[in-house]
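What's in final_4.cif: mmCIF, C-alpha atoms
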```
data_my_file
loop_
_atom_site.label_atom_id
_atom_site.label_comp_id
_atom_site.auth_asym_id
_atom_site.auth_seq_id
_atom_site.Cartn_x
_atom_site.Cartn_y
_atom_site.Cartn_z
CA MET A 1 8.67 16.31 -15.85
CA PRO A 2 6.68 19.04 -17.54
CA MET A 3 5.37 22.03 -15.63
CA VAL A 4 2.12 23.83 -16.32
CA ASP A 5 1.11 27.33 -15.29
CA ILE A 6 -2.36 27.43 -13.77
CA ALA A 7 -3.72 30.78 -12.54
CA GLY A 8 -0.16 32.07 -12.08
CA LYS A 9 1.16 29.04 -10.19
CA ASP A 10 3.44 26.29 -11.47
CA TYR A 11 2.37 22.66 -11.19
CA GLU A 12 4.28 19.54 -12.09
CA VAL A 13 2.41 17.06 -14.30
CA ASP A 14 3.40 13.70 -15.79
CA GLU A 15 3.79 13.00 -19.50
CA GLU A 16 0.05 12.35 -19.81
CA GLY A 17 -0.86 15.54 -17.99
CA TYR A 18 -1.82 14.06 -14.60
CA LEU A 19 -0.95 16.13 -11.56
CA VAL A 20 2.15 14.72 -9.86
CA ASP A 21 1.58 16.01 -6.34
CA LEU A 22 -1.96 15.25 -5.25
CA SER A 23 -1.75 17.66 -2.34
CA GLN A 24 -1.37 20.62 -4.74
CA TRP A 25 -4.84 20.09 -6.17
CA ASN A 26 -7.41 22.89 -6.00
CA GLU A 27 -10.39 24.06 -8.03
CA ASP A 28 -8.20 26.00 -10.46
CA VAL A 29 -6.34 22.80 -11.25
CA ALA A 30 -9.62 20.95 -11.78
CA LYS A 31 -10.87 23.64 -14.14
CA TYR A 32 -7.60 23.63 -16.07
CA MET A 33 -7.61 19.83 -16.43
CA ALA A 34 -11.26 19.94 -17.53
CA VAL A 35 -10.42 22.38 -20.33
CA GLU A 36 -7.54 20.10 -21.38
CA GLU A 37 -9.98 17.17 -21.50
CA LYS A 38 -12.67 19.27 -23.25
CA VAL A 39 -15.10 18.66 -20.40
CA GLU A 40 -17.42 21.43 -19.27
CA LEU A 41 -17.72 21.07 -15.52
CA THR A 42 -21.25 20.97 -14.12
CA ASP A 43 -22.49 20.04 -10.65
CA SER A 44 -22.85 16.46 -11.87
CA HIS A 45 -19.19 16.42 -12.88
CA TRP A 46 -18.13 17.87 -9.55
CA GLU A 47 -20.12 15.20 -7.76
CA VAL A 48 -18.02 12.50 -9.44
CA VAL A 49 -14.76 14.43 -9.02
CA ASN A 50 -15.39 14.91 -5.32
CA PHE A 51 -16.40 11.29 -4.98
CA LEU A 52 -13.08 10.23 -6.50
CA ARG A 53 -11.12 12.45 -4.14
CA GLU A 54 -12.93 10.94 -1.17
CA TYR A 55 -12.31 7.45 -2.53
CA TYR A 56 -8.61 8.18 -2.90
CA ALA A 57 -8.36 9.67 0.57
CA GLU A 58 -9.93 6.53 1.98
CA TYR A 59 -8.17 3.83 -0.06
CA GLN A 60 -5.06 5.51 -1.53
CA ILE A 61 -5.85 4.39 -5.08
CA ALA A 62 -7.82 5.66 -8.04
CA PRO A 63 -10.52 3.05 -8.69
CA ALA A 64 -10.84 1.12 -11.95
CA VAL A 65 -13.91 2.20 -13.91
CA ARG A 66 -15.91 -0.91 -12.99
CA VAL A 67 -15.21 -0.30 -9.32
CA LEU A 68 -16.00 3.40 -9.65
CA THR A 69 -19.34 2.67 -11.30
CA LYS A 70 -20.34 0.27 -8.57
CA ALA A 71 -19.21 2.57 -5.76
CA ILE A 72 -21.01 5.58 -7.27
CA GLY A 73 -24.18 3.51 -7.54
CA LYS A 74 -23.95 2.70 -3.86
CA LYS A 75 -23.27 6.28 -2.78
CA LEU A 76 -25.23 8.44 -5.26
CA GLY A 77 -27.93 6.07 -6.49
CA ALA A 78 -28.41 3.51 -9.25
CA GLU A 79 -29.36 6.14 -11.84
CA LYS A 80 -25.79 7.46 -11.56
CA GLY A 81 -23.98 4.20 -10.98
CA ASN A 82 -23.93 3.05 -14.58
CA ASN A 83 -21.63 3.38 -17.56
CA LYS A 84 -24.08 5.40 -19.65
CA TYR A 85 -24.39 8.20 -17.10
CA LEU A 86 -20.67 8.35 -16.38
CA TYR A 87 -19.60 8.20 -20.03
CA GLU A 88 -22.00 11.03 -20.85
CA LEU A 89 -20.21 13.15 -18.29
CA PHE A 90 -16.72 11.95 -19.24
CA PRO A 91 -16.85 10.69 -22.84
CA TYR A 92 -13.21 9.54 -22.99
CA GLY A 93 -13.48 7.33 -19.93
CA PRO A 94 -14.83 8.32 -16.51
CA ALA A 95 -11.94 6.83 -14.56
CA LYS A 96 -9.32 8.36 -16.80
CA GLN A 97 -10.80 11.83 -17.32
CA ALA A 98 -12.44 12.31 -13.95
CA CYS A 99 -9.27 11.15 -12.16
CA LYS A 100 -7.23 13.68 -14.07
CA ILE A 101 -9.60 16.47 -13.14
CA ALA A 102 -9.62 15.28 -9.52
CA GLY A 103 -5.83 15.42 -9.43
CA LEU A 104 -5.45 11.68 -8.91
CA PRO A 105 -2.98 9.39 -10.64
CA LYS A 106 -4.22 7.33 -13.60
CA PRO A 107 -6.12 4.32 -12.23
CA THR A 108 -4.32 1.00 -12.02
CA GLY A 109 -5.56 -1.34 -14.71
CA CYS A 110 -7.36 1.59 -16.28
CA ILE A 111 -9.08 0.96 -19.57
CA MET B 112 31.28 1.01 16.83
CA LEU B 113 27.83 1.77 15.43
CA HIS B 114 26.19 -1.12 13.61
CA ILE B 115 23.21 -0.34 11.40
CA VAL B 116 20.82 -3.12 10.41
CA ASN B 117 18.04 -2.62 7.84
CA LYS B 118 16.76 -6.14 7.06
CA SER B 119 13.96 -7.94 8.82
CA ALA B 120 15.26 -10.53 11.27
CA THR B 121 12.45 -12.90 10.36
CA GLU B 122 13.54 -12.87 6.73
CA ARG B 123 17.34 -12.65 6.80
CA SER B 124 20.06 -13.43 9.27
CA THR B 125 21.78 -10.03 9.16
CA LEU B 126 20.64 -8.99 12.61
CA GLU B 127 21.80 -12.25 14.12
CA SER B 128 25.20 -11.90 12.45
CA CYS B 129 25.45 -8.35 13.66
CA LEU B 130 24.66 -9.28 17.25
CA ARG B 131 27.26 -12.04 17.08
CA MET B 132 30.00 -9.69 15.85
CA ALA B 133 29.17 -6.60 17.88
CA THR B 134 31.61 -6.07 20.74
CA LYS B 135 30.57 -5.03 24.21
CA GLY B 136 29.51 -1.41 24.44
CA SER B 137 28.81 -1.09 20.72
CA ALA B 138 25.62 0.49 19.45
CA VAL B 139 23.17 -1.30 17.18
CA LEU B 140 20.73 0.87 15.28
CA LEU B 141 17.70 -0.79 13.73
CA ILE B 142 16.23 0.96 10.71
CA GLU B 143 13.70 0.14 7.96
CA ASP B 144 12.49 -3.48 8.10
CA ALA B 145 14.88 -4.29 10.94
CA VAL B 146 12.67 -2.46 13.44
CA TYR B 147 10.11 -5.28 13.34
CA ALA B 148 12.56 -7.40 15.30
CA ALA B 149 12.18 -5.07 18.26
CA THR B 150 8.43 -5.45 18.52
CA ASN B 151 6.79 -7.42 21.29
CA GLY B 152 6.13 -11.01 20.40
CA ASN B 153 8.43 -11.09 17.39
CA ALA B 154 10.50 -14.24 17.39
CA ALA B 155 13.70 -12.18 17.27
CA ALA B 156 12.80 -9.80 20.10
CA ALA B 157 14.14 -12.05 22.82
CA LYS B 158 17.52 -12.26 21.10
CA ILE B 159 17.85 -8.51 20.91
CA GLN B 160 16.69 -8.08 24.45
CA ALA B 161 19.34 -10.53 25.61
CA ALA B 162 21.95 -8.69 23.56
CA ALA B 163 20.89 -5.39 25.12
CA ALA B 164 22.75 -6.38 28.27
CA ASP B 165 26.07 -5.72 26.47
CA LEU B 166 25.01 -3.45 23.63
CA LYS B 167 23.14 -0.21 23.25
CA ILE B 168 20.12 -0.86 21.05
CA TYR B 169 18.46 1.93 19.10
CA ALA B 170 15.61 2.01 16.60
CA LEU B 171 14.81 4.76 14.15
CA GLY B 172 11.65 6.65 15.15
CA PRO B 173 9.99 7.17 11.76
CA ASP B 174 10.46 3.50 10.88
CA LEU B 175 8.96 2.50 14.20
CA ALA B 176 6.04 4.84 13.64
CA ALA B 177 5.28 3.04 10.40
CA TRP B 178 4.87 0.00 12.57
CA PRO B 179 1.77 0.36 14.72
CA GLY B 180 3.10 0.61 18.21
CA ALA B 181 0.75 -1.65 20.10
CA CYS B 182 3.86 -3.38 21.38
CA TRP B 183 5.58 -0.47 23.06
CA THR B 184 5.31 -1.23 26.70
CA GLU B 185 7.44 -0.84 29.80
CA SER B 186 9.04 -4.16 29.04
CA MET B 187 10.61 -2.65 25.95
CA SER B 188 12.57 -0.04 27.87
CA TRP B 189 15.87 -1.65 26.89
CA ILE B 190 15.54 -0.01 23.52
CA THR B 191 15.89 3.67 22.74
CA ALA B 192 14.18 5.29 19.83
CA VAL B 193 16.22 7.71 17.81
CA LEU B 194 14.22 10.52 16.32
CA TRP B 195 16.41 11.15 13.33
CA ILE B 196 19.97 10.21 12.55
CA TRP B 197 21.07 11.52 9.24
CA SER B 198 22.17 15.07 8.96
CA GLN B 199 23.12 15.20 5.31
CA SER B 200 25.60 12.39 4.77
CA THR B 201 27.05 12.40 8.24
CA ALA B 202 25.78 9.67 10.48
CA THR B 203 25.46 11.33 13.83
CA VAL B 204 23.35 9.60 16.38
CA SER B 205 21.15 11.84 18.43
CA LEU B 206 20.56 9.88 21.56
CA GLY B 207 18.22 9.87 24.44
CA CYS B 208 14.80 10.23 22.87
CA ASN B 209 12.95 7.73 24.96
CA LEU B 210 9.72 6.32 23.71
CA ASN B 211 6.54 7.39 25.29
CA MET C 212 -8.07 -4.42 -31.96
CA SER C 213 -7.01 -8.06 -32.45
CA ASP C 214 -5.82 -8.18 -28.86
CA MET C 215 -9.25 -7.19 -27.67
CA ASP C 216 -10.83 -9.88 -29.83
CA GLU C 217 -8.58 -12.52 -28.34
CA MET C 218 -9.50 -11.38 -24.87
CA GLU C 219 -13.16 -11.57 -25.78
CA ASP C 220 -12.67 -15.10 -27.06
CA GLY C 221 -10.90 -16.12 -23.90
CA SER C 222 -13.31 -14.40 -21.56
CA GLY C 223 -14.92 -17.66 -20.49
CA ILE C 224 -11.69 -19.03 -19.05
CA VAL C 225 -11.32 -18.40 -15.34
CA LYS C 226 -8.15 -19.58 -13.68
CA LYS C 227 -7.35 -19.75 -10.01
CA PHE C 228 -4.64 -17.22 -9.20
CA MET C 229 -2.93 -17.08 -5.85
CA PHE C 230 -0.82 -14.10 -4.91
CA LEU C 231 1.60 -14.87 -2.16
CA ASN C 232 2.72 -11.84 -0.14
CA ARG C 233 5.84 -12.64 1.82
CA LYS C 234 7.63 -9.34 2.42
CA ALA C 235 7.32 -6.45 4.85
CA PRO C 236 5.55 -3.45 3.30
CA HIS C 237 8.08 -0.62 3.18
CA GLY C 238 11.63 -1.97 3.00
CA THR C 239 11.24 -3.12 -0.59
CA VAL C 240 8.82 -2.32 -3.39
CA TYR C 241 7.52 -5.90 -3.68
CA ALA C 242 4.38 -5.42 -1.60
CA LEU C 243 3.20 -2.31 -3.44
CA GLU C 244 4.00 -3.72 -6.89
CA GLY C 245 2.32 -7.00 -5.98
CA LEU C 246 -0.82 -5.16 -4.97
CA GLU C 247 -0.90 -3.38 -8.33
CA VAL C 248 -0.67 -6.72 -10.13
CA VAL C 249 -3.56 -8.04 -8.06
CA LEU C 250 -5.73 -5.04 -8.94
CA ILE C 251 -4.98 -5.49 -12.63
CA THR C 252 -5.71 -9.22 -12.47
CA ALA C 253 -9.06 -8.42 -10.88
CA ALA C 254 -10.01 -6.44 -13.99
CA PHE C 255 -9.86 -9.71 -15.97
CA ASP C 256 -12.45 -11.45 -13.81
CA GLN C 257 -10.16 -14.20 -12.54
CA ASP C 258 -10.50 -16.23 -9.37
CA VAL C 259 -8.03 -14.39 -7.13
CA SER C 260 -6.81 -15.41 -3.68
CA MET C 261 -4.34 -13.39 -1.66
CA VAL C 262 -2.17 -15.05 0.92
CA PHE C 263 -0.14 -13.25 3.55
CA THR C 264 2.66 -15.19 5.09
CA ASP C 265 6.02 -14.52 6.79
CA ASP C 266 6.77 -10.76 6.92
CA GLY C 267 3.97 -10.22 4.40
CA ILE C 268 1.64 -10.13 7.37
CA TYR C 269 3.05 -6.74 8.31
CA GLN C 270 1.39 -5.33 5.17
CA LEU C 271 -1.99 -5.77 6.84
CA MET C 272 -1.24 -4.09 10.17
CA LYS C 273 -3.82 -1.69 11.56
CA GLY C 274 -2.67 1.84 12.34
CA ILE C 275 0.36 2.11 10.07
CA ASP C 276 1.69 5.68 9.94
CA THR C 277 4.12 6.32 7.08
CA LYS C 278 4.36 10.11 7.31
CA GLY C 279 7.82 9.95 8.89
CA ILE C 280 9.30 7.69 6.24
CA GLU C 281 7.65 9.54 3.38
CA VAL C 282 6.20 6.58 1.53
CA LYS C 283 2.63 5.91 0.52
CA ASP C 284 0.49 4.12 3.10
CA PHE C 285 -1.06 1.52 0.85
CA SER C 286 -2.31 -0.61 3.74
CA ARG C 287 -5.65 1.16 3.31
CA THR C 288 -5.86 -0.08 -0.26
CA TYR C 289 -6.44 -3.60 1.07
CA ARG C 290 -9.79 -2.33 2.30
CA ALA C 291 -10.70 -1.44 -1.30
CA LEU C 292 -10.19 -5.03 -2.49
CA GLU C 293 -13.78 -5.92 -1.67
CA GLY C 294 -14.91 -3.41 -4.29
CA TYR C 295 -12.69 -5.24 -6.79
CA ASP C 296 -14.46 -8.49 -5.83
CA ILE C 297 -11.32 -9.83 -4.20
CA GLU C 298 -12.65 -11.35 -1.04
CA LYS C 299 -10.43 -14.37 -0.50
CA LEU C 300 -7.74 -13.20 1.87
CA TYR C 301 -5.78 -15.79 3.81
CA VAL C 302 -3.21 -15.50 6.55
CA ASP C 303 -0.77 -18.11 7.78
CA GLN C 304 -1.32 -18.90 11.46
CA ALA C 305 2.33 -19.77 12.12
CA SER C 306 3.48 -16.44 10.69
CA LEU C 307 1.11 -14.57 12.99
CA ASP C 308 2.37 -16.54 15.98
CA ALA C 309 6.03 -15.91 15.17
CA ARG C 310 5.33 -12.17 15.26
CA GLY C 311 3.15 -12.03 18.32
CA LEU C 312 0.14 -10.96 16.26
CA THR C 313 -3.48 -12.03 16.01
CA GLU C 314 -6.30 -11.50 13.52
CA ASP C 315 -7.40 -8.46 15.53
CA ASP C 316 -4.19 -6.62 14.60
CA LEU C 317 -5.11 -6.69 10.91
CA ILE C 318 -6.86 -4.00 8.87
CA VAL C 319 -9.13 -6.38 6.89
CA ASP C 320 -11.11 -9.54 7.60
CA VAL C 321 -9.05 -12.59 6.76
CA THR C 322 -9.28 -16.34 7.05
CA VAL C 323 -6.48 -17.74 9.19
CA LEU C 324 -5.19 -21.09 7.94
CA SER C 325 -2.99 -23.80 9.39
CA VAL C 326 0.01 -25.03 7.42
CA ASP C 327 -1.94 -28.04 6.12
CA GLU C 328 -4.90 -25.95 5.04
CA MET C 329 -2.58 -23.49 3.31
CA ALA C 330 -0.75 -26.29 1.51
CA ASN C 331 -4.03 -27.70 0.22
CA LEU C 332 -5.21 -24.30 -0.94
CA MET C 333 -1.95 -23.76 -2.78
CA ALA C 334 -2.17 -27.16 -4.46
CA GLU C 335 -5.62 -26.23 -5.88
CA GLN C 336 -4.32 -23.22 -7.78
CA ASP C 337 -3.61 -22.89 -11.49
CA VAL C 338 -1.13 -20.08 -10.95
CA VAL C 339 0.81 -19.04 -7.86
CA ILE C 340 2.67 -15.75 -8.00
CA SER C 341 4.96 -14.84 -5.16
CA PHE C 342 6.02 -11.35 -4.11
#
```
Turn this file's structure into structure tokens for me.
Amino acid sequence: MPMVDIAGKDYEVDEEGYLVDLSQWNEDVAKYMAVEEKVELTDSHWEVVNFLREYYAEYQIAPAVRVLTKAIGKKLGAEKGNNKYLYELFPYGPAKQACKIAGLPKPTGCI
Amino acid sequence: MLHIVNKSATERSTLESCLRMATKGSAVLLIEDAVYAATNGNAAAAKIQAAAADLKIYALGPDLAAWPGACWTESMSWITAVLWIWSQSTATVSLGCNLN
Amino acid sequence: MSDMDEMEDGSGIVKKFMFLNRKAPHGTVYALEGLEVVLITAAFDQDVSMVFTDDGIYQLMKGIDTKGIEVKDFSRTYRALEGYDIEKLYVDQASLDARGLTEDDLIVDVTVLSVDEMANLMAEQDVVISF
């Protein structure tokens, strides 16, 4: 599997660029992945990224986008729990891009 | 002789076959899905317990840990948990790690 | 995008899928792979039931600790099923009994069924997939 150098440290990623070992994740990794995905990280992005990491810690999976949207709505409010808001933050798919930045595997059944 | 069983006794008959063939004084080590058989209330537990009169029964610790240990009571003292068995490819049994 | 169009056309069809989980969680990959299939099926808005019978019941045990055997503890993923709108979880009473277990030993809320009830439920399905 390919290796990438992030802030002087080597990380293993899969063929689509997702971090292989979740436990290696840190903010440098998130920033690197964000640049790869052409996403400029703001507090709103971090809110979603952190939410995903908590979700994964709790359930051991990366949620499908529909599930993510619903769960975000419950936790952060209806104005954030909708496709429009999440796609504005992550134009190429909130589950896909935000998961990558959060160091999670690609969601099962991800669209 | 050390017999190692890794299939669940409620799915396959490997444990039963093993207990039938094992000669007095032999050791039977349960690993992977076979450890379920040594849990309280499992239909196979009584068979192993009966066999423990003639055999030394062991179960691999990490596999047991993956099974929530609500069952580990005094009545299970006929079984010994082994913390770890494999050192590289050599199967050496490190004995005597009693469950607590 | 013809595939997408076909899916759109067929979106009104909802079939009853039953996933039958019969194996212990860690000795083989069946349980984990089966769970992935269930999660994918859920994305297509189908009527999904999950049944746990025989050693499959061990997948739902509370307090599993897989650190020592270095595999993923996916038992917690069953608690995410609600978010995927999969709320029909059934357990076979006889399988619980044969393992000295009760509903209280399980990580999620389930409906415990007798053999007859399970047989009827199975007969109602359009598709039964066994892992």
For this session: Excluding region 281-290 of chain C and any residue of its chain fewer than 2 positions from it, enumerate the residues within 8 Å of it, using all atoms listed in the file, and give them as a PyMOL selection string.
Result: (chain A and resi 58-61) or (chain C and resi 237+243+270-272+275-279+292-293+318-319)
Please produce, as a tab-separated table, a per-residue contact table for chain B versus chain C (criterion: any atom at most 7 Å away, only C-alpha atoms considered), showing the nearest atom pair and its distance in Å to one decimal, sorted by chain then residue number.
```
residue	atom	partner	partner_atom	distance
B:Thr121	CA	C:Asp266	CA	7.0
B:Glu143	CA	C:Gly238	CA	5.8
B:Asp144	CA	C:Gly238	CA	5.4
B:Asn151	CA	C:Gly311	CA	6.6
B:Gly152	CA	C:Gly311	CA	3.8
B:Asn153	CA	C:Arg310	CA	3.9
B:Ala154	CA	C:Ala309	CA	5.3
B:Pro173	CA	C:Gly279	CA	4.5
B:Asp174	CA	C:Ile280	CA	6.4
B:Ala176	CA	C:Asp276	CA	5.8
B:Ala177	CA	C:Asp276	CA	4.5
B:Trp178	CA	C:Ile275	CA	5.6
B:Pro179	CA	C:Ile275	CA	5.2
```
Resolved residues for the PyMOL selection byres ((chain A) within 10 of (chain C)) as a CSV table (one decimal) with C-alpha atoms, in the frame of the given file:
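Contents of the output file expr.csv:
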```csv
chain,number,residue,atom,x,y,z
A,55,TYR,CA,-12.3,7.4,-2.5
A,56,TYR,CA,-8.6,8.2,-2.9
A,57,ALA,CA,-8.4,9.7,0.6
A,58,GLU,CA,-9.9,6.5,2.0
A,59,TYR,CA,-8.2,3.8,-0.1
A,60,GLN,CA,-5.1,5.5,-1.5
A,61,ILE,CA,-5.8,4.4,-5.1
A,62,ALA,CA,-7.8,5.7,-8.0
A,63,PRO,CA,-10.5,3.0,-8.7
A,64,ALA,CA,-10.8,1.1,-12.0
A,65,VAL,CA,-13.9,2.2,-13.9
A,66,ARG,CA,-15.9,-0.9,-13.0
A,67,VAL,CA,-15.2,-0.3,-9.3
A,68,LEU,CA,-16.0,3.4,-9.6
A,70,LYS,CA,-20.3,0.3,-8.6
A,71,ALA,CA,-19.2,2.6,-5.8
A,107,PRO,CA,-6.1,4.3,-12.2
A,108,THR,CA,-4.3,1.0,-12.0
A,109,GLY,CA,-5.6,-1.3,-14.7
A,110,CYS,CA,-7.4,1.6,-16.3
A,111,ILE,CA,-9.1,1.0,-19.6
```
Problem set entry | Expansion of the PyMOL selection byres ((chain B and resi 130-142) around 9) into residues, as a PyMOL selection string | chain B and resi 112-118+125-129+143-149+158-159+162+164-175+193
Exercise. Just so the selection is clear, what residues does the PyMOL selection byres ((chain A and resi 84-98) around 9) cover here, as a ChimeraX atom specification?
Worked result: /A:33-34,37,39-42,44-45,48-49,52,62-66,68-69,79-83,99-107,110-111
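Between CA of Leu332 (chain C) and CA of Glu298 (chain C) the separation is 14.9 Å.
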